[in-house]
>>> print(open('query25.txt').read())   # compact mmCIF, C-alpha atoms and all ligand atoms
# COMPACT_ATOMS: atom_id res chain seq x y z
CA MET A 1 27.81 6.70 8.10
CA THR A 2 25.61 9.69 8.68
CA ASP A 3 21.93 9.69 9.43
CA ARG A 4 21.13 11.48 6.20
CA VAL A 5 18.88 9.32 4.01
CA LEU A 6 17.08 10.03 0.75
CA VAL A 7 13.85 8.14 0.06
CA LEU A 8 12.67 7.77 -3.53
CA ASN A 9 9.20 6.50 -4.33
CA CYS A 10 8.74 6.21 -8.09
CA GLY A 11 5.05 5.58 -8.83
CA SER A 12 3.62 4.83 -12.25
CA SER A 13 3.29 8.54 -13.10
CA SER A 14 4.94 10.37 -10.21
CA VAL A 15 8.12 10.51 -8.15
CA LYS A 16 7.92 11.31 -4.43
CA TYR A 17 11.10 12.11 -2.55
CA ARG A 18 12.04 12.89 1.01
CA LEU A 19 15.40 13.77 2.48
CA TYR A 20 15.89 12.93 6.16
CA ASP A 21 18.49 14.03 8.68
CA GLY A 22 17.78 11.50 11.36
CA GLU A 23 14.06 11.92 12.02
CA THR A 24 13.96 15.45 10.59
CA VAL A 25 12.61 15.97 7.07
CA ARG A 26 15.06 18.35 5.34
CA ASP A 27 13.41 18.42 1.96
CA SER A 28 10.49 16.72 0.25
CA GLY A 29 8.28 16.92 -2.78
CA THR A 30 6.42 15.16 -5.55
CA VAL A 31 7.04 15.38 -9.27
CA GLU A 32 3.78 14.58 -11.03
CA ARG A 33 2.60 13.76 -14.54
CA VAL A 34 5.82 11.90 -15.34
CA GLY A 35 5.70 10.69 -18.95
CA GLU A 36 2.35 12.35 -19.59
CA PRO A 37 1.91 14.61 -22.60
CA GLY A 38 1.92 18.37 -21.97
CA GLY A 39 3.65 19.02 -18.69
CA GLY A 40 5.90 16.91 -16.49
CA PRO A 41 9.30 15.37 -17.23
CA ALA A 42 9.53 12.96 -20.17
CA ASP A 43 10.23 9.90 -18.06
CA HIS A 44 11.28 8.66 -14.61
CA VAL A 45 14.98 8.90 -15.44
CA THR A 46 14.62 12.62 -16.19
CA ALA A 47 12.46 13.21 -13.12
CA VAL A 48 14.91 11.53 -10.74
CA ARG A 49 17.90 13.33 -12.32
CA GLN A 50 16.15 16.66 -11.75
CA ILE A 51 15.47 15.80 -8.12
CA LEU A 52 19.04 14.64 -7.44
CA ASP A 53 20.44 17.75 -9.12
CA ARG A 54 18.70 20.17 -6.87
CA LEU A 55 19.00 18.42 -3.51
CA ASP A 56 21.89 18.93 -1.10
CA LEU A 57 23.11 15.36 -0.78
CA ASP A 58 26.36 16.03 1.07
CA GLY A 59 27.19 13.26 3.49
CA LEU A 60 24.30 11.08 2.34
CA GLY A 61 24.37 7.72 4.16
CA ALA A 62 21.85 5.79 2.06
CA VAL A 63 19.14 5.96 -0.57
CA GLY A 64 15.98 3.98 0.20
CA HIS A 65 13.93 2.96 -2.82
CA ARG A 66 10.33 1.81 -2.60
CA VAL A 67 9.95 -1.24 -4.84
CA VAL A 68 6.42 -2.48 -5.37
CA HIS A 69 6.95 -6.14 -6.24
CA GLY A 70 9.53 -8.35 -4.56
CA GLY A 71 7.89 -11.61 -5.67
CA ARG A 72 8.74 -14.73 -3.68
CA ARG A 73 12.38 -13.79 -3.48
CA PHE A 74 12.53 -10.76 -1.20
CA SER A 75 11.29 -11.11 2.34
CA GLU A 76 13.11 -8.05 3.68
CA PRO A 77 14.86 -4.88 2.54
CA VAL A 78 18.14 -5.52 0.72
CA LEU A 79 21.25 -3.71 -0.34
CA ILE A 80 21.04 -3.25 -4.09
CA ASP A 81 23.71 -4.86 -6.26
CA ASP A 82 23.64 -6.09 -9.86
CA ALA A 83 22.00 -9.38 -8.87
CA VAL A 84 19.21 -7.59 -6.98
CA LEU A 85 18.66 -5.28 -9.93
CA THR A 86 18.35 -8.28 -12.24
CA ALA A 87 15.88 -9.93 -9.87
CA ILE A 88 13.71 -6.79 -9.73
CA ARG A 89 13.80 -6.68 -13.52
CA GLU A 90 12.68 -10.31 -13.71
CA LEU A 91 9.64 -9.36 -11.64
CA VAL A 92 8.43 -6.74 -14.16
CA PRO A 93 5.79 -9.09 -15.67
CA LEU A 94 4.15 -9.26 -12.21
CA ALA A 95 4.14 -5.45 -11.81
CA PRO A 96 4.35 -3.97 -15.31
CA LEU A 97 3.32 -0.46 -14.24
CA HIS A 98 5.42 -0.18 -11.11
CA ASN A 99 8.65 -2.14 -11.15
CA PRO A 100 9.99 -0.41 -14.32
CA ALA A 101 9.54 2.98 -12.63
CA ASN A 102 11.24 1.70 -9.48
CA LEU A 103 14.13 0.35 -11.60
CA ALA A 104 14.60 3.68 -13.36
CA GLY A 105 14.92 5.43 -10.00
CA ILE A 106 17.45 2.90 -8.77
CA GLU A 107 19.56 3.08 -11.91
CA VAL A 108 19.75 6.86 -11.94
CA ALA A 109 20.56 7.07 -8.23
CA ARG A 110 23.27 4.40 -8.47
CA GLU A 111 24.87 6.21 -11.38
CA ALA A 112 24.74 9.62 -9.71
CA LEU A 113 25.75 8.38 -6.24
CA PRO A 114 28.03 5.39 -6.81
CA ASP A 115 29.49 5.43 -3.31
CA VAL A 116 26.19 5.64 -1.44
CA PRO A 117 24.50 2.36 -0.38
CA GLN A 118 21.16 1.90 -2.19
CA VAL A 119 18.50 -0.11 -0.43
CA ALA A 120 15.34 -1.65 -1.92
CA VAL A 121 12.33 -1.77 0.39
CA PHE A 122 9.56 -3.98 -1.00
CA ASP A 123 5.81 -3.45 -0.68
CA THR A 124 5.34 -7.22 -0.68
CA ALA A 125 8.01 -8.16 1.88
CA PHE A 126 5.90 -7.93 5.04
CA HIS A 127 3.50 -10.49 3.56
CA HIS A 128 6.15 -13.19 3.15
CA SER A 129 4.84 -14.59 6.41
CA LEU A 130 1.45 -15.36 4.82
CA PRO A 131 0.59 -19.01 5.42
CA GLU A 132 0.53 -21.08 2.21
CA ALA A 133 -3.22 -21.44 2.60
CA ALA A 134 -3.55 -17.65 2.49
CA ALA A 135 -1.22 -17.19 -0.48
CA THR A 136 -2.61 -19.97 -2.68
CA TYR A 137 -5.33 -19.49 -5.30
CA ALA A 138 -7.38 -22.62 -5.94
CA ILE A 139 -6.30 -23.13 -9.55
CA ASP A 140 -4.18 -25.76 -11.31
CA ARG A 141 -0.96 -25.99 -9.31
CA ASP A 142 1.35 -26.35 -12.32
CA VAL A 143 -0.14 -23.35 -14.09
CA ALA A 144 0.11 -21.29 -10.90
CA GLU A 145 3.73 -22.32 -10.37
CA ARG A 146 4.77 -21.67 -13.96
CA TYR A 147 3.33 -18.14 -14.05
CA GLY A 148 3.89 -17.06 -10.45
CA VAL A 149 0.15 -16.91 -9.80
CA ARG A 150 -0.26 -16.53 -6.03
CA ARG A 151 -1.19 -13.88 -3.52
CA TYR A 152 1.76 -11.62 -2.67
CA GLY A 153 0.03 -8.72 -0.89
CA PHE A 154 1.06 -5.03 -0.99
CA HIS A 155 1.20 -1.91 1.21
CA GLY A 156 3.44 -4.02 3.45
CA THR A 157 5.53 -1.09 4.63
CA SER A 158 2.39 0.67 5.82
CA HIS A 159 0.75 -2.37 7.44
CA ALA A 160 4.00 -3.16 9.29
CA TYR A 161 4.48 0.42 10.48
CA VAL A 162 0.88 0.95 11.54
CA SER A 163 0.50 -2.37 13.34
CA ARG A 164 3.70 -1.69 15.30
CA ARG A 165 2.51 1.83 16.14
CA THR A 166 -0.81 0.36 17.29
CA ALA A 167 1.03 -1.74 19.87
CA GLU A 168 2.96 1.37 21.00
CA LEU A 169 -0.22 3.45 21.24
CA LEU A 170 -1.93 0.77 23.33
CA GLY A 171 1.18 0.08 25.42
CA ARG A 172 0.96 -3.63 24.56
CA PRO A 173 3.71 -5.99 23.35
CA TYR A 174 3.71 -6.19 19.52
CA GLU A 175 4.57 -9.90 19.67
CA ALA A 176 1.25 -10.67 21.36
CA LEU A 177 -1.11 -8.32 19.54
CA HIS A 178 -3.73 -9.37 16.97
CA THR A 179 -4.57 -6.40 14.77
CA ILE A 180 -6.62 -5.76 11.66
CA THR A 181 -5.07 -2.83 9.76
CA LEU A 182 -7.11 -0.94 7.16
CA HIS A 183 -5.00 1.13 4.77
CA LEU A 184 -7.55 3.30 2.94
CA GLY A 185 -5.76 5.66 0.54
CA ASN A 186 -6.04 5.89 -3.23
CA GLY A 187 -5.11 2.25 -3.12
CA ALA A 188 -6.67 0.35 -0.24
CA SER A 189 -5.99 -2.92 1.52
CA ALA A 190 -6.75 -4.77 4.73
CA CYS A 191 -4.30 -6.92 6.66
CA ALA A 192 -4.59 -9.33 9.58
CA VAL A 193 -1.45 -9.10 11.71
CA ALA A 194 -0.78 -11.68 14.44
CA GLY A 195 2.25 -11.04 16.62
CA GLY A 196 3.91 -8.80 14.02
CA ARG A 197 3.31 -11.24 11.16
CA SER A 198 0.94 -10.71 8.24
CA VAL A 199 -1.40 -13.72 8.14
CA ALA A 200 -4.00 -12.46 5.65
CA THR A 201 -4.23 -9.50 3.31
CA SER A 202 -6.74 -8.33 0.73
CA MET A 203 -4.47 -7.46 -2.20
CA GLY A 204 -3.36 -10.54 -4.07
CA MET A 205 -1.17 -11.21 -7.09
CA SER A 206 -1.50 -7.50 -7.89
CA PRO A 207 -2.85 -4.45 -6.05
CA LEU A 208 -6.18 -4.89 -7.87
CA GLU A 209 -7.79 -7.42 -5.53
CA GLY A 210 -9.72 -6.73 -2.33
CA LEU A 211 -11.24 -3.46 -1.17
CA VAL A 212 -12.90 -0.81 -3.34
CA MET A 213 -10.30 1.85 -4.22
CA GLY A 214 -10.13 5.28 -5.86
CA THR A 215 -9.95 3.85 -9.38
CA ARG A 216 -9.67 0.06 -8.85
CA SER A 217 -12.57 -2.35 -8.57
CA GLY A 218 -11.16 -4.64 -5.91
CA ASP A 219 -12.81 -8.08 -5.68
CA LEU A 220 -14.61 -9.23 -8.79
CA ASP A 221 -15.82 -12.48 -10.33
CA PRO A 222 -13.16 -13.26 -13.00
CA THR A 223 -16.03 -14.08 -15.35
CA VAL A 224 -16.59 -10.33 -15.67
CA ILE A 225 -13.37 -10.23 -17.67
CA PHE A 226 -14.33 -13.12 -19.99
CA HIS A 227 -17.75 -11.58 -20.44
CA LEU A 228 -16.43 -8.14 -21.37
CA ARG A 229 -14.01 -9.81 -23.78
CA ARG A 230 -16.56 -12.12 -25.43
CA GLU A 231 -19.75 -10.07 -25.32
CA GLY A 232 -18.35 -6.55 -25.21
CA GLY A 233 -15.43 -7.15 -27.58
CA LEU A 234 -13.06 -5.28 -25.25
CA GLY A 235 -9.35 -6.05 -25.53
CA VAL A 236 -7.39 -7.40 -22.59
CA ASP A 237 -5.48 -4.12 -22.19
CA GLU A 238 -8.74 -2.19 -22.29
CA ILE A 239 -10.20 -4.35 -19.53
CA ASP A 240 -6.97 -3.98 -17.53
CA ASP A 241 -7.30 -0.20 -17.87
CA LEU A 242 -11.01 -0.31 -17.00
CA LEU A 243 -10.50 -2.29 -13.79
CA ASN A 244 -7.32 -0.50 -12.65
CA HIS A 245 -7.97 3.09 -13.72
CA ARG A 246 -11.67 3.62 -14.40
CA SER A 247 -13.39 1.60 -11.68
CA GLY A 248 -13.76 1.88 -7.90
CA LEU A 249 -15.11 5.24 -6.68
CA LEU A 250 -14.30 6.79 -10.06
CA GLY A 251 -16.28 4.20 -11.96
CA LEU A 252 -19.26 4.45 -9.63
CA THR A 253 -19.42 8.25 -9.33
CA GLY A 254 -17.05 9.91 -11.80
CA ALA A 255 -14.86 11.08 -8.89
CA ASN A 256 -11.96 9.10 -7.42
CA ASP A 257 -11.53 11.39 -4.41
CA MET A 258 -13.47 10.26 -1.34
CA ARG A 259 -13.90 13.88 -0.22
CA GLU A 260 -15.93 14.60 -3.33
CA VAL A 261 -17.94 11.40 -2.95
CA LEU A 262 -18.77 12.38 0.65
CA GLN A 263 -19.86 15.88 -0.38
CA ARG A 264 -22.12 14.54 -3.10
CA ARG A 265 -23.57 11.94 -0.75
CA ALA A 266 -24.32 14.67 1.78
CA ALA A 267 -26.17 16.52 -0.97
CA GLY A 268 -28.29 13.43 -1.60
CA ASP A 269 -26.65 12.17 -4.80
CA PRO A 270 -27.76 8.52 -5.29
CA ALA A 271 -24.61 7.37 -7.15
CA ALA A 272 -22.36 8.74 -4.40
CA THR A 273 -24.57 7.15 -1.74
CA LEU A 274 -24.33 3.77 -3.44
CA ALA A 275 -20.55 4.10 -3.92
CA PHE A 276 -20.11 4.89 -0.22
CA ASP A 277 -22.21 1.86 0.72
CA VAL A 278 -20.31 -0.48 -1.61
CA TYR A 279 -16.99 0.86 -0.28
CA CYS A 280 -17.87 0.50 3.40
CA ARG A 281 -19.67 -2.83 3.06
CA ARG A 282 -16.55 -4.36 1.49
CA ILE A 283 -14.49 -3.23 4.48
CA THR A 284 -17.04 -4.64 6.93
CA GLY A 285 -16.84 -8.00 5.18
CA TYR A 286 -13.05 -8.11 5.43
CA VAL A 287 -13.07 -7.14 9.09
CA GLY A 288 -15.50 -10.01 9.79
CA ALA A 289 -13.46 -12.47 7.72
CA TYR A 290 -10.20 -11.49 9.42
CA TYR A 291 -11.84 -11.70 12.82
CA ALA A 292 -12.73 -15.30 11.99
CA LEU A 293 -9.19 -16.05 10.75
CA LEU A 294 -7.45 -14.42 13.72
CA GLY A 295 -9.76 -16.00 16.28
CA ARG A 296 -9.15 -13.07 18.61
CA VAL A 297 -8.80 -9.40 17.71
CA ASP A 298 -7.21 -6.80 19.99
CA ALA A 299 -7.27 -3.82 17.64
CA VAL A 300 -8.67 -2.51 14.38
CA THR A 301 -6.57 0.34 12.99
CA PHE A 302 -7.48 2.82 10.25
CA THR A 303 -4.79 4.59 8.25
CA ALA A 304 -4.00 6.55 5.01
CA GLY A 305 -6.01 9.41 3.45
CA VAL A 306 -9.54 8.07 3.92
CA GLY A 307 -8.78 5.96 7.00
CA GLU A 308 -7.17 8.86 8.85
CA HIS A 309 -9.62 11.55 7.85
CA SER A 310 -13.09 10.19 7.29
CA ALA A 311 -15.09 9.63 10.47
CA GLU A 312 -18.10 8.70 8.31
CA VAL A 313 -16.27 5.86 6.59
CA ARG A 314 -14.87 4.56 9.89
CA ALA A 315 -18.29 4.61 11.55
CA ALA A 316 -20.09 2.99 8.61
CA ALA A 317 -17.42 0.34 8.02
CA LEU A 318 -17.63 -0.89 11.63
CA ALA A 319 -21.37 -0.39 12.16
CA GLY A 320 -23.20 -3.46 13.41
CA LEU A 321 -20.09 -5.23 14.71
CA ASP A 322 -20.94 -4.72 18.41
CA ARG A 323 -21.40 -8.44 18.85
CA LEU A 324 -17.71 -8.81 17.94
CA GLY A 325 -16.77 -6.25 20.58
CA ILE A 326 -16.05 -3.65 17.89
CA ALA A 327 -17.56 -0.18 18.37
CA VAL A 328 -16.74 3.45 17.64
CA ASP A 329 -17.27 6.33 20.07
CA PRO A 330 -18.70 9.26 18.04
CA ALA A 331 -16.87 12.02 19.94
CA ARG A 332 -13.51 10.23 19.71
CA ASN A 333 -14.14 9.37 16.08
CA ALA A 334 -14.65 13.07 15.32
CA GLY A 335 -11.29 14.03 16.92
CA ALA A 336 -7.87 14.25 15.30
CA GLY A 337 -4.42 12.71 15.53
CA ASP A 338 -3.23 9.22 16.46
CA ARG A 339 -5.77 7.92 18.95
CA VAL A 340 -8.12 5.25 20.19
CA ILE A 341 -11.70 5.84 19.00
CA SER A 342 -13.49 2.93 20.68
CA PRO A 343 -15.38 3.48 23.96
CA ASP A 344 -13.63 2.82 27.28
CA GLY A 345 -13.68 -0.83 28.21
CA ALA A 346 -14.36 -2.05 24.67
CA GLU A 347 -13.10 -5.54 23.91
CA VAL A 348 -11.41 -4.36 20.70
CA SER A 349 -9.47 -1.09 20.55
CA VAL A 350 -10.33 0.78 17.38
CA CYS A 351 -7.46 3.13 16.46
CA VAL A 352 -6.58 5.83 13.96
CA ILE A 353 -2.88 6.08 13.16
CA GLY A 354 -1.14 8.20 10.52
CA THR A 355 0.93 6.06 8.21
CA ASP A 356 4.35 7.20 7.11
CA GLU A 357 5.77 4.89 4.48
CA GLU A 358 8.67 7.22 3.64
CA ARG A 359 9.84 7.38 7.26
CA GLU A 360 9.64 3.61 7.53
CA ILE A 361 11.61 3.21 4.27
CA ALA A 362 14.26 5.62 5.62
CA ARG A 363 14.48 3.61 8.84
CA GLU A 364 14.88 0.34 6.96
CA ALA A 365 17.44 1.85 4.57
CA ARG A 366 19.49 3.11 7.51
CA VAL A 367 19.49 -0.35 9.14
CA VAL A 368 20.52 -2.15 5.94
CA ALA A 369 23.16 0.44 5.06
CA ALA A 370 24.66 0.17 8.55
CA THR A 371 25.04 -3.60 8.28
CA ALA A 372 26.58 -3.10 4.83
CA GLY A 373 29.37 -1.36 6.68
P1 LIG B 1 -2.03 7.54 -1.62
O1 LIG B 1 -2.64 6.18 -1.59
O2 LIG B 1 -1.92 8.11 -2.99
O3 LIG B 1 -0.80 7.70 -0.77
P2 LIG B 1 -3.52 8.93 0.46
O4 LIG B 1 -3.22 7.94 1.52
O5 LIG B 1 -3.02 10.32 0.62
O6 LIG B 1 -3.14 8.44 -0.99
O7 LIG B 1 -5.10 8.96 0.30
C1 LIG B 1 -5.66 9.75 -0.70
C2 LIG B 1 -7.15 9.75 -0.58
O8 LIG B 1 -7.55 10.10 0.75
C3 LIG B 1 -7.74 10.83 -1.45
O9 LIG B 1 -8.06 10.31 -2.71
C4 LIG B 1 -9.00 11.23 -0.71
O10 LIG B 1 -10.08 10.54 -1.29
C5 LIG B 1 -8.81 10.72 0.68
N1 LIG B 1 -8.90 11.81 1.66
C6 LIG B 1 -7.98 12.72 2.00
N2 LIG B 1 -8.46 13.57 2.93
C7 LIG B 1 -9.72 13.17 3.20
C8 LIG B 1 -10.76 13.63 4.06
N3 LIG B 1 -10.58 14.69 4.83
N4 LIG B 1 -11.92 12.95 4.06
C9 LIG B 1 -12.11 11.89 3.27
N5 LIG B 1 -11.18 11.41 2.44
C10 LIG B 1 -10.01 12.04 2.39
>>> encode(input="query25.txt", output="structure tokens", more="lines below")
Ligand code: ADP
Amino acid sequence: MTDRVLVLNCGSSSVKYRLYDGETVRDSGTVERVGEPGGGPADHVTAVRQILDRLDLDGLGAVGHRVVHGGRRFSEPVLIDDAVLTAIRELVPLAPLHNPANLAGIEVAREALPDVPQVAVFDTAFHHSLPEAAATYAIDRDVAERYGVRRYGFHGTSHAYVSRRTAELLGRPYEALHTITLHLGNGASACAVAGGRSVATSMGMSPLEGLVMGTRSGDLDPTVIFHLRREGGLGVDEIDDLLNHRSGLLGLTGANDMREVLQRRAAGDPAATLAFDVYCRRITGYVGAYYALLGRVDAVTFTAGVGEHSAEVRAAALAGLDRLGIAVDPARNAGAGDRVISPDGAEVSVCVIGTDEEREIAREARVVAATAG
């Protein structure tokens, strides 16, 4: 096989693609507003067909598909066959916005490229190592079992990549390192990684739980939902939309982009100031909790849009943790690129590392396709 790999990432309303020749990106892009009125392609099938039509796919060795939910079944990337496709379809109730889009991408690519191995890389897979005590919600066991109610965790590709890169950056063996990874993008999650295994993560049954995100609330008392239903008369779908698409930074400030929140905060806007505080405080709490769970922490690593680019968020999220050996050096924090931002001699290395989920998916797809022969 060749080293040429296409990565397809079908989100709920977009399709991202990247074509690799080995480590070189040959082509890439994003098709947005899929299925939205007035603009983009009618659906994911159309969007993926358009992408495949215009790419030079000669000698393609594999297609790597990002699949959001792998449920309890998939603990690693797999070669896609009919049985895998059926299994991903059966997981749609757990990821109603994402898995159908992922399926559409897979089906179109299989049809257009029948001789090319197609590989599914799951967002949940890295978290298969979660201890039962971390994955279990304290509700009736039979109900939980019947409806698949448990913590699966997401952003696994990113947490795996970034924790491994942290070990490389520090020149330490991955198998021995205890790291807290903070993926702060539009979606955001924290993960405690011990020796290359995820042992705690902030997203749960869906990507709604945990940290404050661009449009998602993160942690919430479930009573909020009953209350909005009973007292506010909101429908379940309305509440779902409220918590997933109209909450987080957007709900608190009217803007889901952290850059805008930071600008408004700098100008003294009280709503933006509060949103920033809520956002950073939540991260601080998770870092403390994961410190307690890990027992020993070697590194805290920031990644994704906000994590890579906002020195203010990094400084505020870790402020006051000196007693845990966690501190940020202001000059290093203000720098750029993959780097350590803690002071020399600090007990815990605080790092900034650029995530690259597409590259990691390409790598995994290549490995699986090679074993497929
Ligand atoms: P996604 O989760 O969609 O892959 P990213 O990881 O690219 O998103 O993160 C997107 C978010 O990163 C944006 O919404 C924006 O708020 C934030 N961001 C990007 N650049 C900066 C910056 N320079 N400062 C603060 N936040 C930033």
>>> closest_residue(input="query25.txt", among="A:Leu250, A:Leu274, A:Ile180, A:Ala266", to="Ala292 (chain A)", atoms="all atoms listed in the file")
A:Ile180
>>> residues_near_ligand(input="query25.txt", ligand="ligand LIG 1 (chain B)", cutoff="8 Å", atoms="only C-alpha atoms and all ligand atoms", output="PDB file with C-alpha atoms, in the frame of the given file")
ATOM      1  CA  HIS A 183      -5.000   1.130   4.770  1.00  0.00           C
ATOM      2  CA  LEU A 184      -7.550   3.300   2.940  1.00  0.00           C
ATOM      3  CA  GLY A 185      -5.760   5.660   0.540  1.00  0.00           C
ATOM      4  CA  ASN A 186      -6.040   5.890  -3.230  1.00  0.00           C
ATOM      5  CA  GLY A 187      -5.110   2.250  -3.120  1.00  0.00           C
ATOM      6  CA  ALA A 188      -6.670   0.350  -0.240  1.00  0.00           C
ATOM      7  CA  GLY A 214     -10.130   5.280  -5.860  1.00  0.00           C
ATOM      8  CA  ASN A 256     -11.960   9.100  -7.420  1.00  0.00           C
ATOM      9  CA  ASP A 257     -11.530  11.390  -4.410  1.00  0.00           C
ATOM     10  CA  MET A 258     -13.470  10.260  -1.340  1.00  0.00           C
ATOM     11  CA  ARG A 259     -13.900  13.880  -0.220  1.00  0.00           C
ATOM     12  CA  GLU A 260     -15.930  14.600  -3.330  1.00  0.00           C
ATOM     13  CA  LEU A 262     -18.770  12.380   0.650  1.00  0.00           C
ATOM     14  CA  THR A 303      -4.790   4.590   8.250  1.00  0.00           C
ATOM     15  CA  ALA A 304      -4.000   6.550   5.010  1.00  0.00           C
ATOM     16  CA  GLY A 305      -6.010   9.410   3.450  1.00  0.00           C
ATOM     17  CA  VAL A 306      -9.540   8.070   3.920  1.00  0.00           C
ATOM     18  CA  GLY A 307      -8.780   5.960   7.000  1.00  0.00           C
ATOM     19  CA  GLU A 308      -7.170   8.860   8.850  1.00  0.00           C
ATOM     20  CA  HIS A 309      -9.620  11.550   7.850  1.00  0.00           C
ATOM     21  CA  SER A 310     -13.090  10.190   7.290  1.00  0.00           C
ATOM     22  CA  ALA A 311     -15.090   9.630  10.470  1.00  0.00           C
TER      23      ALA A 311
END
>>> atom_distance(input="query25.txt", atom1="CA of Leu52 (chain A)", atom2="CA of Ser14 (chain A)")
15.0 Å
>>> residues_around(input="query25.txt", residues="region 338-349 of chain A", least_positions_apart="5", cutoff="10 Å", atoms="only C-alpha atoms", output="VMD selection string")
chain A and resid 165 to 166 169 to 170 178 to 179 296 to 303 308 311 314 322 324 to 333 354 to 355
>>> closest_residue(input="query25.txt", among="A:Val68, A:Ala120, A:Ala167, A:Val278", to="Ser206 (chain A)", atoms="only C-alpha atoms")
A:Val68
>>> atom_distance(input="query25.txt", atom1="CA of Asp269 (chain A)", atom2="CA of Leu249 (chain A)")
13.6 Å
>>> residues_around(input="query25.txt", residues="Tyr17 (chain A)", least_positions_apart="6", cutoff="9 Å", atoms="only C-alpha atoms", output="number ranges by chain")
A: 6-10, 27-31, 51, 358
>>> residues_around(input="query25.txt", residues="Gly210 (chain A)", least_positions_apart="6", cutoff="10 Å", atoms="only C-alpha atoms", output="list in words")
Ala188, Ser189, Ala190, Thr201, Ser202, Met203, Gly204, Arg216, Ser217, Gly218, Asp219, Leu220, Arg282, Ile283 and Tyr286 of chain A
>>> closest_residue(input="query25.txt", among="A:Pro100, A:Pro173, A:Gly61, A:Pro131", to="Gly11 (chain A)", atoms="only C-alpha atoms")
A:Pro100
>>> residues_near_point(input="query25.txt", point="(-0.4, -18.5, 0.0)", cutoff="10 Å", atoms="only C-alpha atoms", output="number ranges by chain")
A: 127-137, 149-153, 199-200, 204
>>> closest_residue(input="query25.txt", among="A:Ile353, A:Leu97, A:Ala319, A:Val193", to="Asp240 (chain A)", atoms="all atoms listed in the file")
A:Leu97
>>> atom_distance(input="query25.txt", atom1="CA of Gly70 (chain A)", atom2="CA of Gly148 (chain A)")
11.9 Å
>>> closest_residue(input="query25.txt", among="A:Gly59, A:Gly196, A:Gly39, A:Pro222", to="His159 (chain A)", atoms="only C-alpha atoms")
A:Gly196
>>> build_atoms(input="query25.txt", residues="region 48-58 of chain A", atoms="N, CA, C and O atoms", output="CSV table (one decimal), keeping the file's coordinate frame")
chain,number,residue,atom,x,y,z
A,48,VAL,N,14.0,11.8,-11.9
A,48,VAL,CA,14.9,11.5,-10.7
A,48,VAL,C,16.2,12.3,-10.9
A,48,VAL,O,16.7,12.9,-9.9
A,49,ARG,N,16.7,12.5,-12.1
A,49,ARG,CA,17.9,13.3,-12.3
A,49,ARG,C,17.6,14.7,-11.8
A,49,ARG,O,18.5,15.3,-11.2
A,50,GLN,N,16.5,15.3,-12.2
A,50,GLN,CA,16.2,16.7,-11.8
A,50,GLN,C,16.1,16.8,-10.2
A,50,GLN,O,16.6,17.7,-9.6
A,51,ILE,N,15.6,15.8,-9.6
A,51,ILE,CA,15.5,15.8,-8.1
A,51,ILE,C,16.9,15.7,-7.5
A,51,ILE,O,17.2,16.5,-6.6
A,52,LEU,N,17.7,14.8,-8.0
A,52,LEU,CA,19.0,14.6,-7.4
A,52,LEU,C,19.9,15.9,-7.7
A,52,LEU,O,20.7,16.3,-6.8
A,53,ASP,N,19.7,16.5,-8.8
A,53,ASP,CA,20.4,17.8,-9.1
A,53,ASP,C,20.2,18.9,-8.1
A,53,ASP,O,21.1,19.6,-7.8
A,54,ARG,N,19.0,19.0,-7.7
A,54,ARG,CA,18.7,20.2,-6.9
A,54,ARG,C,18.7,19.9,-5.4
A,54,ARG,O,18.7,20.9,-4.6
A,55,LEU,N,18.9,18.7,-4.9
A,55,LEU,CA,19.0,18.4,-3.5
A,55,LEU,C,20.4,18.5,-3.0
A,55,LEU,O,21.4,18.3,-3.7
A,56,ASP,N,20.6,18.9,-1.7
A,56,ASP,CA,21.9,18.9,-1.1
A,56,ASP,C,22.1,17.5,-0.5
A,56,ASP,O,21.6,17.2,0.5
A,57,LEU,N,22.9,16.8,-1.2
A,57,LEU,CA,23.1,15.4,-0.8
A,57,LEU,C,24.5,15.1,-0.1
A,57,LEU,O,24.9,13.9,0.0
A,58,ASP,N,25.1,16.2,0.4
A,58,ASP,CA,26.4,16.0,1.1
A,58,ASP,C,26.2,15.1,2.3
A,58,ASP,O,25.3,15.2,3.1
